[in-house]
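This is work.tsv (TSV, C-alpha atoms).
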chain	number	residue	atom	x	y	z
A	1	MET	CA	136.64	53.89	99.80
A	2	TYR	CA	134.49	53.44	102.93
A	3	LYS	CA	136.55	55.52	105.37
A	4	PRO	CA	135.93	58.67	103.31
A	5	ILE	CA	132.18	57.92	103.38
A	6	VAL	CA	132.19	57.69	107.16
A	7	TYR	CA	134.40	60.78	107.36
A	8	GLY	CA	132.04	62.77	105.13
A	9	LEU	CA	128.94	61.71	107.02
A	10	GLU	CA	130.54	62.47	110.39
A	11	GLN	CA	131.17	66.10	109.42
A	12	GLY	CA	127.71	67.05	110.62
A	13	GLY	CA	125.34	69.39	108.91
A	14	LYS	CA	121.77	70.27	109.70
A	15	ARG	CA	120.32	66.89	108.61
A	16	LEU	CA	117.29	68.88	107.47
A	17	ARG	CA	116.35	66.59	104.60
A	18	PRO	CA	115.96	63.38	106.62
A	19	VAL	CA	114.18	65.26	109.41
A	20	ILE	CA	111.60	66.73	107.06
A	21	LEU	CA	111.08	63.35	105.40
A	22	LEU	CA	110.25	61.85	108.80
A	23	ALA	CA	108.09	64.87	109.71
A	24	ALA	CA	106.11	64.59	106.46
A	25	CYS	CA	105.53	60.88	107.07
A	26	ASP	CA	104.32	61.64	110.59
A	27	ALA	CA	102.21	64.62	109.47
A	28	VAL	CA	100.06	62.53	107.16
A	29	GLY	CA	99.57	59.75	109.69
A	30	GLY	CA	102.43	57.39	108.91
A	31	ASP	CA	104.89	55.67	111.20
A	32	SER	CA	108.08	57.70	110.84
A	33	ALA	CA	110.13	54.88	112.39
A	34	LYS	CA	109.40	52.82	109.26
A	35	ALA	CA	110.77	55.65	107.09
A	36	LEU	CA	114.26	55.63	108.63
A	37	PRO	CA	115.91	53.86	105.66
A	38	GLN	CA	114.49	56.46	103.29
A	39	ALA	CA	115.60	59.30	105.58
A	40	ALA	CA	119.09	57.78	105.57
A	41	ALA	CA	118.89	57.50	101.77
A	42	ILE	CA	118.15	61.20	101.37
A	43	GLU	CA	121.02	62.17	103.68
A	44	MET	CA	123.38	59.72	101.97
A	45	TYR	CA	122.41	61.13	98.57
A	46	HIS	CA	122.90	64.72	99.76
A	47	ASN	CA	126.36	63.90	101.06
A	48	PHE	CA	127.21	62.14	97.80
A	49	THR	CA	126.48	65.40	95.97
A	50	LEU	CA	128.76	67.27	98.39
A	51	LEU	CA	131.68	64.92	97.71
A	52	HIS	CA	131.32	65.40	93.97
A	53	ASP	CA	130.71	69.14	94.33
A	54	ASP	CA	133.95	69.51	96.29
A	55	VAL	CA	135.86	67.75	93.50
A	56	MET	CA	134.27	70.01	90.85
A	57	ASP	CA	134.95	73.14	92.90
A	58	LYS	CA	138.42	71.98	93.96
A	59	ALA	CA	137.34	72.82	97.51
A	60	ASP	CA	139.76	72.43	100.38
A	61	LEU	CA	137.30	72.72	103.26
A	62	ARG	CA	133.74	71.72	104.01
A	63	ARG	CA	132.19	72.57	107.37
A	64	GLY	CA	135.60	73.71	108.57
A	65	LYS	CA	137.33	70.37	107.87
A	66	PRO	CA	139.37	69.13	104.92
A	67	THR	CA	137.18	67.84	102.11
A	68	VAL	CA	137.36	64.17	101.16
A	69	CYS	CA	139.15	65.09	97.92
A	70	ASN	CA	141.67	67.13	99.92
A	71	LYS	CA	142.21	64.55	102.70
A	72	TRP	CA	142.41	61.62	100.22
A	73	ASP	CA	142.25	62.52	96.50
A	74	ASP	CA	139.77	63.26	93.72
A	75	ASN	CA	139.51	59.66	92.54
A	76	THR	CA	138.73	58.39	96.03
A	77	ALA	CA	136.15	61.14	96.53
A	78	ILE	CA	134.46	60.22	93.25
A	79	LEU	CA	134.40	56.48	94.02
A	80	SER	CA	133.21	57.08	97.58
A	81	GLY	CA	130.52	59.41	96.25
A	82	ASP	CA	129.44	56.85	93.67
A	83	THR	CA	129.18	54.25	96.42
A	84	MET	CA	127.05	56.63	98.48
A	85	LEU	CA	124.73	57.11	95.50
A	86	THR	CA	124.33	53.36	95.11
A	87	LEU	CA	123.70	52.89	98.83
A	88	ALA	CA	121.13	55.71	98.75
A	89	THR	CA	119.33	54.04	95.85
A	90	GLN	CA	119.18	50.78	97.79
A	91	LEU	CA	117.97	52.48	100.97
A	92	VAL	CA	115.19	54.44	99.27
A	93	VAL	CA	113.31	51.20	98.55
A	94	ASP	CA	114.39	49.25	101.63
A	95	GLY	CA	111.45	47.53	103.33
A	96	VAL	CA	108.87	48.96	100.92
A	97	GLU	CA	106.33	46.88	99.00
A	98	PRO	CA	107.10	46.67	95.25
A	99	GLN	CA	104.37	49.02	93.98
A	100	LYS	CA	105.33	51.80	96.38
A	101	ALA	CA	109.04	51.07	95.88
A	102	MET	CA	108.71	51.77	92.16
A	103	ARG	CA	107.01	55.08	92.91
A	104	LEU	CA	109.74	56.04	95.39
A	105	LEU	CA	112.53	55.07	93.01
A	106	LYS	CA	110.96	57.07	90.19
A	107	GLU	CA	110.67	60.15	92.44
A	108	PHE	CA	114.22	59.70	93.73
A	109	ASN	CA	115.73	59.26	90.25
A	110	GLU	CA	113.84	62.21	88.75
A	111	THR	CA	115.07	64.33	91.64
A	112	ALA	CA	118.65	63.16	91.16
A	113	ILE	CA	118.56	64.15	87.50
A	114	GLY	CA	117.18	67.56	88.48
A	115	VAL	CA	120.01	68.05	90.97
A	116	TYR	CA	122.55	67.20	88.26
A	117	GLU	CA	120.91	69.68	85.89
A	118	GLY	CA	121.11	72.35	88.59
A	119	GLN	CA	124.80	71.61	89.15
A	120	GLN	CA	125.44	71.88	85.40
A	121	TYR	CA	123.67	75.26	85.32
A	122	ASP	CA	125.79	76.39	88.28
A	123	MET	CA	129.00	75.41	86.48
A	124	ASP	CA	127.81	77.02	83.22
A	125	PHE	CA	126.91	80.24	85.04
A	126	GLU	CA	130.48	80.58	86.35
A	127	HIS	CA	131.48	81.50	82.80
A	128	ARG	CA	128.70	83.99	82.18
A	129	ASN	CA	128.00	87.50	83.37
A	130	ASP	CA	124.50	87.71	81.91
A	131	VAL	CA	122.62	85.18	84.07
A	132	THR	CA	119.03	86.29	84.44
A	133	GLU	CA	117.07	86.18	87.67
A	134	GLU	CA	114.81	83.54	86.14
A	135	GLU	CA	117.80	81.34	85.22
A	136	TYR	CA	119.28	81.73	88.70
A	137	ILE	CA	115.97	80.78	90.38
A	138	GLU	CA	115.66	77.69	88.16
A	139	MET	CA	119.26	76.71	88.98
A	140	ILE	CA	118.72	76.91	92.75
A	141	ARG	CA	115.34	75.18	92.44
A	142	LEU	CA	117.05	72.25	90.78
A	143	LYS	CA	120.26	72.27	92.78
A	144	THR	CA	118.67	72.69	96.23
A	145	SER	CA	114.88	72.80	96.30
A	146	VAL	CA	113.98	69.59	94.51
A	147	LEU	CA	115.83	67.45	97.06
A	148	LEU	CA	113.98	69.06	99.96
A	149	ALA	CA	110.74	68.65	98.03
A	150	CYS	CA	111.57	65.02	97.27
A	151	ALA	CA	112.22	64.31	100.96
A	152	LEU	CA	108.78	65.62	101.87
A	153	LYS	CA	107.07	63.74	99.06
A	154	ILE	CA	108.81	60.46	99.89
A	155	GLY	CA	107.73	60.82	103.52
A	156	ALA	CA	104.18	61.42	102.38
A	157	ILE	CA	104.20	58.49	99.95
A	158	LEU	CA	105.52	56.15	102.64
A	159	ALA	CA	102.66	57.21	104.91
A	160	GLY	CA	100.07	56.52	102.21
A	161	ALA	CA	99.17	60.17	101.61
A	162	THR	CA	96.89	61.13	98.76
A	163	ASN	CA	98.58	62.28	95.57
A	164	GLU	CA	97.24	65.78	96.26
A	165	ASP	CA	98.77	65.90	99.74
A	166	ALA	CA	102.09	64.48	98.50
A	167	ASP	CA	102.19	67.06	95.68
A	168	ASN	CA	101.33	69.90	98.08
A	169	LEU	CA	104.16	68.85	100.39
A	170	TYR	CA	106.46	68.74	97.36
A	171	ARG	CA	105.56	72.31	96.38
A	172	PHE	CA	106.05	73.42	99.98
A	173	GLY	CA	109.53	71.85	99.93
A	174	GLU	CA	110.39	73.67	96.72
A	175	GLN	CA	109.50	77.00	98.30
A	176	ILE	CA	111.43	76.26	101.50
A	177	GLY	CA	114.44	75.25	99.41
A	178	LEU	CA	114.30	78.44	97.37
A	179	ALA	CA	114.09	80.57	100.50
A	180	PHE	CA	116.98	78.68	102.11
A	181	GLN	CA	119.24	78.96	99.06
A	182	LEU	CA	118.40	82.62	98.45
A	183	GLN	CA	119.37	83.42	102.03
A	184	ASP	CA	122.52	81.28	101.83
A	185	ASP	CA	123.64	82.93	98.58
A	186	TYR	CA	122.85	86.38	99.97
A	187	LEU	CA	124.98	85.70	103.03
A	188	ASP	CA	127.82	84.46	100.79
A	189	VAL	CA	127.75	87.74	98.86

Give the structure from the file, written as structure tokens.
Amino acid sequence: MYKPIVYGLEQGGKRLRPVILLAACDAVGGDSAKALPQAAAIEMYHNFTLLHDDVMDKADLRRGKPTVCNKWDDNTAILSGDTMLTLATQLVVDGVEPQKAMRLLKEFNETAIGVYEGQQYDMDFEHRNDVTEEEYIEMIRLKTSVLLACALKIGAILAGATNEDADNLYRFGEQIGLAFQLQDDYLDV
């Protein structure tokens, strides 16, 4: 169960989400070194979603290497992904005082549910040929943007940012995520 986790995490990627979490913490005057567990949590969560996504898509390759479900099997990929989710949930509150930890956990969990909703839309849309632009934008907002936005907001919360600043960083993350996913989907087409 743990070897597939290490394997999945070693496959690389841009590591954009943890970097922007640390940058947001730093930007509002926090100590980004103290936000390392939360940055790891965001990256662990993102990679959990990739393991499950590969099972759902029956994908053979990710980043040019065999997927966890291909190298091991679907059940191992699911259990390893579930373990990553649990580890991410632990890390998101690691070293944080209780009041702030509750706020971080609420943000993290709401984001996770949004990501799952986006994935469900994506799967539903595979069976439709009438998906509207508005539906597509909402799907990519949920599937991609909210996790980027959450990373920024968590960084801001850790640094003690005002609610207004944390919310502004969240909205910025949503827009960056939409732009990223639009470009990625365009390149795929």

Using only C-alpha atoms, tabulate the residues of segment 17-66 of chain A lying at most 7 Å from any atom of segment 87-110 of chain A, each with its closest atom pair and that distance in Å to one decimal, by chain and increasing residue number, as CSV.
residue,atom,partner,partner_atom,distance
A:Pro37,CA,A:Leu91,CA,5.3
A:Gln38,CA,A:Val92,CA,4.6
A:Ala41,CA,A:Ala88,CA,4.2
A:Ile42,CA,A:Ala88,CA,6.8
A:Met44,CA,A:Ala88,CA,5.6
A:Tyr45,CA,A:Ala88,CA,5.6

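In terms of minimum interatomic distance to Asp165 of chain A, A:Ala24 ranks closest within A:Met139, A:Val6, A:Val55, A:Ala24, counting only C-alpha atoms.
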
Using all atoms listed in the file, the shortest atom-to-atom distance to Thr144 of chain A among A:Thr49, A:Asn163, A:Thr132, A:Thr83 belongs to A:Thr49

Selection: 12 Å around Lys71 of chain A, only C-alpha atoms, excl. self and same-chain fewer than 2 positions, as a short mmCIF file (atom, residue, chain, number, x, y, z; two decimals) with C-alpha atoms, keeping the file's coordinate frame:
data_model
loop_
_atom_site.label_atom_id
_atom_site.label_comp_id
_atom_site.auth_asym_id
_atom_site.auth_seq_id
_atom_site.Cartn_x
_atom_site.Cartn_y
_atom_site.Cartn_z
CA LYS A 3 136.55 55.52 105.37
CA PRO A 4 135.93 58.67 103.31
CA TYR A 7 134.40 60.78 107.36
CA GLY A 8 132.04 62.77 105.13
CA LEU A 51 131.68 64.92 97.71
CA ASP A 54 133.95 69.51 96.29
CA VAL A 55 135.86 67.75 93.50
CA ALA A 59 137.34 72.82 97.51
CA ASP A 60 139.76 72.43 100.38
CA LEU A 61 137.30 72.72 103.26
CA ARG A 62 133.74 71.72 104.01
CA LYS A 65 137.33 70.37 107.87
CA PRO A 66 139.37 69.13 104.92
CA THR A 67 137.18 67.84 102.11
CA VAL A 68 137.36 64.17 101.16
CA CYS A 69 139.15 65.09 97.92
CA ASP A 73 142.25 62.52 96.50
CA ASP A 74 139.77 63.26 93.72
CA ASN A 75 139.51 59.66 92.54
CA THR A 76 138.73 58.39 96.03
CA ALA A 77 136.15 61.14 96.53
#

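Restricting the calculation to only C-alpha atoms, the smallest distance between Tyr136 of chain A and any of A:Gln181, A:Ser80, A:Thr111, A:Asn47 is found for A:Gln181.
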
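With atom CA of Ala112 of chain A on one side and atom CA of Leu85 of chain A on the other, the separation reads 9.6 Å.
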
Top pick for closest residue to Ile78 of chain A, considering A:Ile20, A:Leu187, A:Tyr2, A:Glu43 and counting only C-alpha atoms:
A:Tyr2
